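Quick look at my_file-v1.txt (compact mmCIF, C-alpha atoms and all ligand atoms):
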# COMPACT_ATOMS: atom_id res chain seq x y z
CA MET W 263 -161.98 -51.33 -40.10
CA ILE W 264 -159.66 -53.92 -38.61
CA GLY W 265 -156.20 -52.46 -38.05
CA PHE W 266 -157.30 -48.82 -37.80
CA GLU W 267 -158.44 -48.71 -34.21
CA ILE W 268 -155.59 -46.32 -33.52
CA ALA W 269 -155.84 -44.04 -36.57
CA PRO W 270 -155.44 -40.27 -35.97
CA LYS W 271 -158.36 -38.65 -34.18
CA VAL W 272 -158.87 -36.00 -36.84
CA ILE W 273 -157.77 -36.17 -40.47
CA THR W 274 -157.92 -32.96 -42.48
CA ILE W 275 -158.23 -32.87 -46.26
CA ASP W 276 -157.95 -29.56 -48.09
CA GLY W 277 -157.75 -28.74 -51.77
CA PRO W 278 -159.33 -26.80 -54.61
CA ALA W 279 -162.81 -27.32 -56.05
CA ALA W 280 -163.38 -30.59 -57.92
CA SER W 281 -159.99 -32.01 -56.94
CA GLY W 282 -161.68 -35.23 -55.81
CA LYS W 283 -161.11 -34.52 -52.12
CA SER W 284 -164.76 -35.20 -51.23
CA THR W 285 -164.76 -38.65 -52.84
CA ILE W 286 -161.50 -39.54 -51.13
CA GLY W 287 -162.63 -38.05 -47.81
CA GLN W 288 -165.89 -39.99 -47.90
CA MET W 289 -164.15 -43.28 -48.74
CA LEU W 290 -161.56 -42.75 -46.03
CA ALA W 291 -164.22 -41.92 -43.41
CA ASP W 292 -166.14 -45.08 -44.40
CA ARG W 293 -163.07 -47.26 -44.07
CA LEU W 294 -162.17 -45.84 -40.66
CA GLY W 295 -165.75 -45.66 -39.38
CA TYR W 296 -165.35 -41.87 -38.93
CA LEU W 297 -167.75 -38.99 -39.49
CA TYR W 298 -167.26 -37.35 -42.89
CA LEU W 299 -167.59 -33.58 -42.49
CA ASP W 300 -167.70 -31.55 -45.70
CA THR W 301 -167.19 -27.99 -44.43
CA GLY W 302 -168.11 -26.53 -47.83
CA SER W 303 -171.67 -27.62 -47.05
CA MET W 304 -171.65 -25.30 -44.02
CA TYR W 305 -170.77 -22.28 -46.19
CA ARG W 306 -173.44 -23.41 -48.61
CA THR W 307 -176.02 -23.75 -45.81
CA THR W 308 -175.30 -20.21 -44.61
CA THR W 309 -175.66 -18.94 -48.19
CA LEU W 310 -178.94 -20.80 -48.63
CA ALA W 311 -180.24 -19.44 -45.32
CA ALA W 312 -179.46 -15.89 -46.47
CA LEU W 313 -181.19 -16.49 -49.81
CA LYS W 314 -184.25 -17.91 -48.06
CA ALA W 315 -184.36 -14.97 -45.65
CA GLU W 316 -184.07 -12.63 -48.69
CA ILE W 317 -181.15 -10.81 -47.11
CA ASP W 318 -178.93 -8.69 -49.37
CA LEU W 319 -175.98 -11.07 -49.79
CA ALA W 320 -173.56 -8.17 -49.98
CA ASP W 321 -174.67 -7.02 -46.51
CA GLU W 322 -171.82 -8.56 -44.54
CA ALA W 323 -173.13 -7.62 -41.09
CA GLU W 324 -176.57 -9.07 -41.77
CA VAL W 325 -175.23 -12.31 -43.29
CA THR W 326 -172.81 -12.68 -40.36
CA ARG W 327 -175.63 -12.20 -37.86
CA LEU W 328 -177.61 -14.88 -39.63
CA ALA W 329 -174.63 -17.30 -39.60
CA ARG W 330 -174.53 -17.00 -35.82
CA THR W 331 -178.22 -17.70 -35.30
CA ILE W 332 -179.13 -20.49 -37.72
CA ASP W 333 -179.53 -24.03 -36.50
CA MET W 334 -177.33 -26.17 -38.77
CA ASP W 335 -176.59 -29.85 -38.37
CA ILE W 336 -174.74 -32.38 -40.49
CA LYS W 337 -175.84 -35.97 -40.04
CA PRO W 338 -173.90 -39.00 -41.24
CA PHE W 339 -175.05 -41.10 -44.20
CA THR W 340 -177.61 -43.67 -43.12
CA GLY W 341 -178.18 -45.63 -46.33
CA GLU W 342 -180.29 -43.10 -48.26
CA THR W 343 -180.59 -44.10 -51.91
CA ASP W 344 -180.62 -40.67 -53.58
CA GLY W 345 -176.85 -40.35 -53.93
CA ARG W 346 -176.24 -38.12 -50.91
CA GLN W 347 -173.09 -38.51 -48.79
CA TYR W 348 -174.62 -36.94 -45.67
CA THR W 349 -177.72 -35.01 -44.63
CA VAL W 350 -177.75 -31.30 -43.85
CA LEU W 351 -180.50 -29.83 -41.70
CA LEU W 352 -181.16 -26.08 -41.71
CA ASN W 353 -183.47 -25.08 -38.86
CA GLY W 354 -184.66 -28.69 -38.85
CA ASP W 355 -185.39 -28.95 -42.62
CA ASP W 356 -183.47 -31.30 -44.90
CA VAL W 357 -181.70 -28.99 -47.39
CA THR W 358 -179.06 -31.44 -48.62
CA TRP W 359 -179.94 -31.06 -52.31
CA GLU W 360 -180.89 -27.39 -52.19
CA LEU W 361 -177.26 -26.69 -51.27
CA ARG W 362 -176.27 -27.64 -54.83
CA SER W 363 -178.55 -25.14 -56.59
CA PRO W 364 -176.99 -22.73 -59.12
CA GLN W 365 -178.07 -19.82 -56.91
CA VAL W 366 -176.05 -21.17 -53.99
CA ASP W 367 -173.13 -21.93 -56.34
CA THR W 368 -173.08 -18.35 -57.55
CA ASN W 369 -173.16 -16.73 -54.11
CA VAL W 370 -171.21 -19.03 -51.83
CA SER W 371 -167.77 -17.59 -52.66
CA LEU W 372 -168.89 -14.16 -51.52
CA VAL W 373 -170.47 -15.43 -48.30
CA SER W 374 -167.40 -17.52 -47.49
CA SER W 375 -165.15 -14.47 -47.89
CA PHE W 376 -166.80 -12.67 -44.92
CA PRO W 377 -164.49 -12.90 -41.87
CA GLY W 378 -167.39 -12.99 -39.36
CA VAL W 379 -169.04 -15.87 -41.22
CA ARG W 380 -165.75 -17.78 -41.27
CA GLN W 381 -165.16 -17.16 -37.59
CA GLU W 382 -168.57 -18.58 -36.71
CA LEU W 383 -168.28 -21.62 -38.99
CA VAL W 384 -164.73 -22.36 -37.84
CA ARG W 385 -166.04 -22.33 -34.25
CA ARG W 386 -168.69 -24.89 -35.21
CA GLN W 387 -166.16 -26.99 -37.15
CA ARG W 388 -163.83 -27.14 -34.14
CA GLN W 389 -166.68 -28.55 -32.07
CA TYR W 390 -166.97 -31.45 -34.51
CA GLY W 391 -163.17 -31.82 -34.34
CA GLN W 392 -163.23 -32.08 -30.57
CA SER W 393 -165.59 -35.05 -30.73
CA GLY W 394 -162.86 -36.83 -32.73
CA ARG W 395 -163.11 -39.66 -35.26
CA VAL W 396 -163.74 -37.23 -38.07
CA VAL W 397 -162.42 -36.71 -41.59
CA MET W 398 -162.87 -32.99 -42.18
CA VAL W 399 -162.73 -31.71 -45.73
CA GLY W 400 -162.43 -28.09 -46.92
CA ARG W 401 -160.00 -25.34 -47.90
CA ASP W 402 -158.48 -24.17 -44.60
CA ILE W 403 -158.91 -27.11 -42.24
CA GLY W 404 -155.21 -27.95 -41.86
CA THR W 405 -154.11 -24.30 -41.84
CA VAL W 406 -156.76 -22.59 -39.68
CA VAL W 407 -159.50 -24.83 -38.30
CA ILE W 408 -157.42 -27.69 -36.79
CA PRO W 409 -153.77 -26.62 -37.28
CA ASP W 410 -152.58 -29.28 -34.81
CA ALA W 411 -154.36 -32.17 -36.58
CA PRO W 412 -152.14 -35.26 -36.52
CA LEU W 413 -152.65 -36.03 -40.23
CA LYS W 414 -153.17 -33.39 -42.91
CA LEU W 415 -153.68 -34.10 -46.57
CA TYR W 416 -153.90 -31.68 -49.50
CA VAL W 417 -155.52 -33.12 -52.61
CA THR W 418 -155.01 -31.40 -55.91
CA ALA W 419 -155.37 -32.08 -59.67
CA SER W 420 -154.77 -30.03 -62.79
CA PRO W 421 -157.46 -27.43 -63.65
CA GLU W 422 -158.16 -29.31 -66.92
CA GLU W 423 -158.74 -32.58 -65.09
CA ARG W 424 -160.97 -30.92 -62.51
CA ALA W 425 -162.99 -29.22 -65.25
CA ARG W 426 -163.30 -32.55 -67.08
CA ARG W 427 -164.68 -34.23 -63.94
CA ARG W 428 -167.18 -31.47 -63.35
CA TRP W 429 -168.21 -31.61 -67.02
CA LEU W 430 -168.81 -35.38 -66.74
CA ASP W 431 -170.81 -34.90 -63.51
CA ARG W 432 -173.05 -32.32 -65.16
CA LYS W 433 -173.63 -34.58 -68.16
CA ASP W 434 -174.40 -37.53 -65.86
CA GLN W 435 -176.97 -35.38 -64.09
CA GLY W 436 -178.62 -34.70 -67.46
CA HIS W 437 -177.54 -31.05 -67.78
CA THR W 438 -175.93 -29.55 -70.85
CA ALA W 439 -172.34 -28.63 -70.13
CA ASP W 440 -169.75 -26.53 -71.92
CA TYR W 441 -166.23 -27.69 -71.06
CA GLU W 442 -164.54 -24.36 -71.84
CA ALA W 443 -166.99 -22.44 -69.65
CA ILE W 444 -166.49 -24.93 -66.81
CA LEU W 445 -162.70 -24.64 -67.12
CA ALA W 446 -162.96 -20.85 -66.96
CA ASP W 447 -165.14 -21.16 -63.85
CA VAL W 448 -162.67 -23.56 -62.17
CA ASN W 449 -159.83 -21.10 -62.82
CA ARG W 450 -161.90 -18.17 -61.60
CA ARG W 451 -162.82 -19.93 -58.35
CA ASP W 452 -159.21 -21.03 -57.75
CA GLN W 453 -158.03 -17.48 -58.19
CA PHE W 454 -160.72 -16.19 -55.81
CA ASP W 455 -160.10 -18.86 -53.13
CA ARG W 456 -156.30 -18.45 -53.26
CA SER W 457 -156.19 -14.67 -53.20
CA ARG W 458 -158.76 -13.87 -50.55
CA THR W 459 -157.29 -12.23 -47.46
CA VAL W 460 -159.00 -14.43 -44.88
CA SER W 461 -157.92 -18.09 -44.92
CA PRO W 462 -156.71 -18.31 -48.51
CA LEU W 463 -156.56 -21.77 -50.04
CA ARG W 464 -153.06 -23.22 -49.57
CA PRO W 465 -151.56 -26.42 -48.17
CA ALA W 466 -150.43 -26.43 -44.52
CA LYS W 467 -146.63 -26.63 -44.18
CA ASP W 468 -146.89 -30.15 -42.80
CA ALA W 469 -149.59 -31.37 -45.21
CA ILE W 470 -148.97 -34.35 -47.46
CA ILE W 471 -149.69 -33.32 -51.04
CA ILE W 472 -151.61 -35.81 -53.14
CA ASP W 473 -151.82 -35.23 -56.89
CA ASN W 474 -155.05 -36.78 -58.06
CA THR W 475 -154.69 -35.99 -61.78
CA ASP W 476 -154.13 -39.45 -63.23
CA ARG W 477 -155.15 -41.71 -60.39
CA SER W 478 -158.25 -43.49 -59.20
CA PRO W 479 -159.74 -42.70 -55.77
CA GLU W 480 -159.25 -46.36 -54.78
CA ASP W 481 -155.51 -46.10 -55.48
CA ILE W 482 -155.20 -42.94 -53.46
CA LEU W 483 -157.21 -44.40 -50.60
CA GLU W 484 -154.80 -47.34 -50.39
CA ASP W 485 -151.86 -44.91 -50.21
CA ILE W 486 -153.49 -42.97 -47.39
CA LEU W 487 -154.31 -46.11 -45.43
CA LYS W 488 -150.69 -47.24 -45.82
CA LEU W 489 -149.54 -43.86 -44.59
CA ILE W 490 -151.73 -44.18 -41.52
CA ARG W 491 -150.46 -47.70 -40.80
CA ASP W 492 -146.82 -46.60 -41.22
CA ARG W 493 -147.24 -43.57 -39.02
CA VAL W 494 -148.86 -45.51 -36.24
CA LYS W 495 -146.05 -48.09 -36.48
CA ASP W 496 -143.32 -45.39 -36.39
CA ASP W 497 -144.81 -43.22 -33.70
CA PRO W 498 -147.79 -44.68 -31.85
CA ILE W 499 -147.89 -41.69 -29.49
CA SER W 500 -148.64 -39.07 -32.15
CA ARG W 501 -151.90 -40.66 -33.20
CA THR W 502 -154.15 -38.54 -30.99
O1 LIG G 601 -166.30 -27.33 -51.58
P1 LIG G 601 -167.52 -26.49 -51.98
O2 LIG G 601 -167.56 -26.12 -53.44
O3 LIG G 601 -168.81 -27.07 -51.54
O4 LIG G 601 -167.32 -25.12 -51.17
C1 LIG G 601 -168.25 -24.08 -51.26
C2 LIG G 601 -167.57 -22.75 -51.04
O5 LIG G 601 -167.11 -22.64 -49.69
C3 LIG G 601 -166.36 -22.45 -51.93
O6 LIG G 601 -166.49 -21.13 -52.42
C4 LIG G 601 -165.18 -22.53 -51.03
C5 LIG G 601 -165.75 -22.26 -49.67
N1 LIG G 601 -165.12 -23.00 -48.59
C6 LIG G 601 -164.24 -22.32 -47.78
O7 LIG G 601 -163.99 -21.14 -48.02
N2 LIG G 601 -163.66 -22.95 -46.73
C7 LIG G 601 -163.93 -24.23 -46.46
N3 LIG G 601 -163.36 -24.83 -45.42
C8 LIG G 601 -164.81 -24.95 -47.30
C9 LIG G 601 -165.39 -24.31 -48.38
Written as structure tokens, how would this file's structure read?
Amino acid sequence: MIGFEIAPKVITIDGPAASGKSTIGQMLADRLGYLYLDTGSMYRTTTLAALKAEIDLADEAEVTRLARTIDMDIKPFTGETDGRQYTVLLNGDDVTWELRSPQVDTNVSLVSSFPGVRQELVRRQRQYGQSGRVVMVGRDIGTVVIPDAPLKLYVTASPEERARRRWLDRKDQGHTADYEAILADVNRRDQFDRSRTVSPLRPAKDAIIIDNTDRSPEDILEDILKLIRDRVKDDPISRT
């Protein structure tokens, strides 16, 4: 952590699904001693809460009401050995792994397209931002959630590379995986996330674009750390 005492208070990382932004975000947060906040997990938690409550997921008003009332908390990694990057509590229960279920996967795009749900989760995300020392990862963090963040990154990779990574992950987890089907799903989700009316996926005007197609996360992390060092050197005032 030496040398980063004056890193930006909030660092935003946006990008499409499976671009590698979570891995990079987690590594960066570790190096800086910051909280890693994966905002996708908040949309997933809301979706899971609606599934558990057996609400009709197409009932926007009901899902929005639920988003406003659930107790959701994201706790930093504390050395758990089951591969988690953080712990998510829903009404006090640990739901970290349930958030990855196929049922949540299928429904989370719909839930995250509801403006009232987004408004509520953005409000909660800004509270984390205000505490500072956070690397916040998502789709609209630099554009909508913290538009005045001092450092914004946008991580991307080709659809084929992202599908390949997801295919490898599934195989590692012991599931059967069909590359072509995964690629089609990646393209479908990109299309959905980019074309939705509320907070579509796109880089902020002042975001630094990082193409993660042929590079290792370690390489990219070094680039980002250099960027932080250079910025602080050039303009020590803008760090907060
Ligand atoms: O990153 P992920 O796959 O866990 O995200 C789950 C869903 O939430 C995905 O459909 C995109 C959406 N999402 C969003 O709309 N805005 C964010 N800031 C983060 C995720």
- For ligand LIG 601 (chain G), list the contacting residues at 10 Å or closer, counting only C-alpha atoms and all ligand atoms, as a ChimeraX atom specification. /W:275-281,283-284,300-309,361-362,366-376,379-380,383-384,387,398-407,451-452,454-456,458,460-463
Residues of the last selection are to be written out with C-alpha atoms, as an mmCIF file, keeping the file's coordinate frame.
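Final output, saved to again-v7.cif:
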data_model
loop_
_atom_site.group_PDB
_atom_site.id
_atom_site.type_symbol
_atom_site.label_atom_id
_atom_site.label_comp_id
_atom_site.auth_asym_id
_atom_site.auth_seq_id
_atom_site.Cartn_x
_atom_site.Cartn_y
_atom_site.Cartn_z
ATOM 1 C CA ILE W 275 -158.230 -32.870 -46.260
ATOM 2 C CA ASP W 276 -157.950 -29.560 -48.090
ATOM 3 C CA GLY W 277 -157.750 -28.740 -51.770
ATOM 4 C CA PRO W 278 -159.330 -26.800 -54.610
ATOM 5 C CA ALA W 279 -162.810 -27.320 -56.050
ATOM 6 C CA ALA W 280 -163.380 -30.590 -57.920
ATOM 7 C CA SER W 281 -159.990 -32.010 -56.940
ATOM 8 C CA LYS W 283 -161.110 -34.520 -52.120
ATOM 9 C CA SER W 284 -164.760 -35.200 -51.230
ATOM 10 C CA ASP W 300 -167.700 -31.550 -45.700
ATOM 11 C CA THR W 301 -167.190 -27.990 -44.430
ATOM 12 C CA GLY W 302 -168.110 -26.530 -47.830
ATOM 13 C CA SER W 303 -171.670 -27.620 -47.050
ATOM 14 C CA MET W 304 -171.650 -25.300 -44.020
ATOM 15 C CA TYR W 305 -170.770 -22.280 -46.190
ATOM 16 C CA ARG W 306 -173.440 -23.410 -48.610
ATOM 17 C CA THR W 307 -176.020 -23.750 -45.810
ATOM 18 C CA THR W 308 -175.300 -20.210 -44.610
ATOM 19 C CA THR W 309 -175.660 -18.940 -48.190
ATOM 20 C CA LEU W 361 -177.260 -26.690 -51.270
ATOM 21 C CA ARG W 362 -176.270 -27.640 -54.830
ATOM 22 C CA VAL W 366 -176.050 -21.170 -53.990
ATOM 23 C CA ASP W 367 -173.130 -21.930 -56.340
ATOM 24 C CA THR W 368 -173.080 -18.350 -57.550
ATOM 25 C CA ASN W 369 -173.160 -16.730 -54.110
ATOM 26 C CA VAL W 370 -171.210 -19.030 -51.830
ATOM 27 C CA SER W 371 -167.770 -17.590 -52.660
ATOM 28 C CA LEU W 372 -168.890 -14.160 -51.520
ATOM 29 C CA VAL W 373 -170.470 -15.430 -48.300
ATOM 30 C CA SER W 374 -167.400 -17.520 -47.490
ATOM 31 C CA SER W 375 -165.150 -14.470 -47.890
ATOM 32 C CA PHE W 376 -166.800 -12.670 -44.920
ATOM 33 C CA VAL W 379 -169.040 -15.870 -41.220
ATOM 34 C CA ARG W 380 -165.750 -17.780 -41.270
ATOM 35 C CA LEU W 383 -168.280 -21.620 -38.990
ATOM 36 C CA VAL W 384 -164.730 -22.360 -37.840
ATOM 37 C CA GLN W 387 -166.160 -26.990 -37.150
ATOM 38 C CA MET W 398 -162.870 -32.990 -42.180
ATOM 39 C CA VAL W 399 -162.730 -31.710 -45.730
ATOM 40 C CA GLY W 400 -162.430 -28.090 -46.920
ATOM 41 C CA ARG W 401 -160.000 -25.340 -47.900
ATOM 42 C CA ASP W 402 -158.480 -24.170 -44.600
ATOM 43 C CA ILE W 403 -158.910 -27.110 -42.240
ATOM 44 C CA GLY W 404 -155.210 -27.950 -41.860
ATOM 45 C CA THR W 405 -154.110 -24.300 -41.840
ATOM 46 C CA VAL W 406 -156.760 -22.590 -39.680
ATOM 47 C CA VAL W 407 -159.500 -24.830 -38.300
ATOM 48 C CA ARG W 451 -162.820 -19.930 -58.350
ATOM 49 C CA ASP W 452 -159.210 -21.030 -57.750
ATOM 50 C CA PHE W 454 -160.720 -16.190 -55.810
ATOM 51 C CA ASP W 455 -160.100 -18.860 -53.130
ATOM 52 C CA ARG W 456 -156.300 -18.450 -53.260
ATOM 53 C CA ARG W 458 -158.760 -13.870 -50.550
ATOM 54 C CA VAL W 460 -159.000 -14.430 -44.880
ATOM 55 C CA SER W 461 -157.920 -18.090 -44.920
ATOM 56 C CA PRO W 462 -156.710 -18.310 -48.510
ATOM 57 C CA LEU W 463 -156.560 -21.770 -50.040
#
- So which one's closest to Ala269 of chain W, W:Ile472, W:Thr358, W:Leu294, W:Gly436? Using all atoms listed in the file, please. W:Leu294
- Task: Report the distance between atom CA of Ala411 of chain W and atom CA of Thr274 of chain W in Å, rounded to one decimal place.
- Result: 6.9 Å
- Message: I need the residue nearest Ile482 of chain W from this list: W:Gly282, W:Gly295, W:Pro270, W:Gly345. Use all atoms listed in the file for the distance.
- Response: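 Of W:Gly282, W:Gly295, W:Pro270, W:Gly345, the one nearest Ile482 of chain W is W:Gly282, counting all atoms listed in the file.
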Put a box with edges along x, y and z around all the listed atoms of segment 295-305 of chain W, pad it by 3 Å on each side, then give me its centre and sizes in Å, one decimal, as lines of an AutoDock Vina configuration file.
center_x = -168.5
center_y = -34.0
center_z = -43.4
size_x = 12.3
size_y = 29.4
size_z = 14.9
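With all atoms listed in the file as the basis for measurement, W:Thr349 is the residue among W:Thr349, W:Thr343, W:Ser478, W:Gln381 that approaches Tyr298 of chain W most closely.
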- Which is closer to Asp468 of chain W than all the others in W:Gly394, W:Pro364, W:Pro421, W:Pro409, using only C-alpha atoms?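 For Asp468 of chain W, the nearest of the candidates is W:Pro409.
The nearest approach to Ala329 of chain W among the residues W:Glu382, W:Asp447, W:Asp355, W:Asp410, with all atoms listed in the file taken into account, belongs to W:Glu382.
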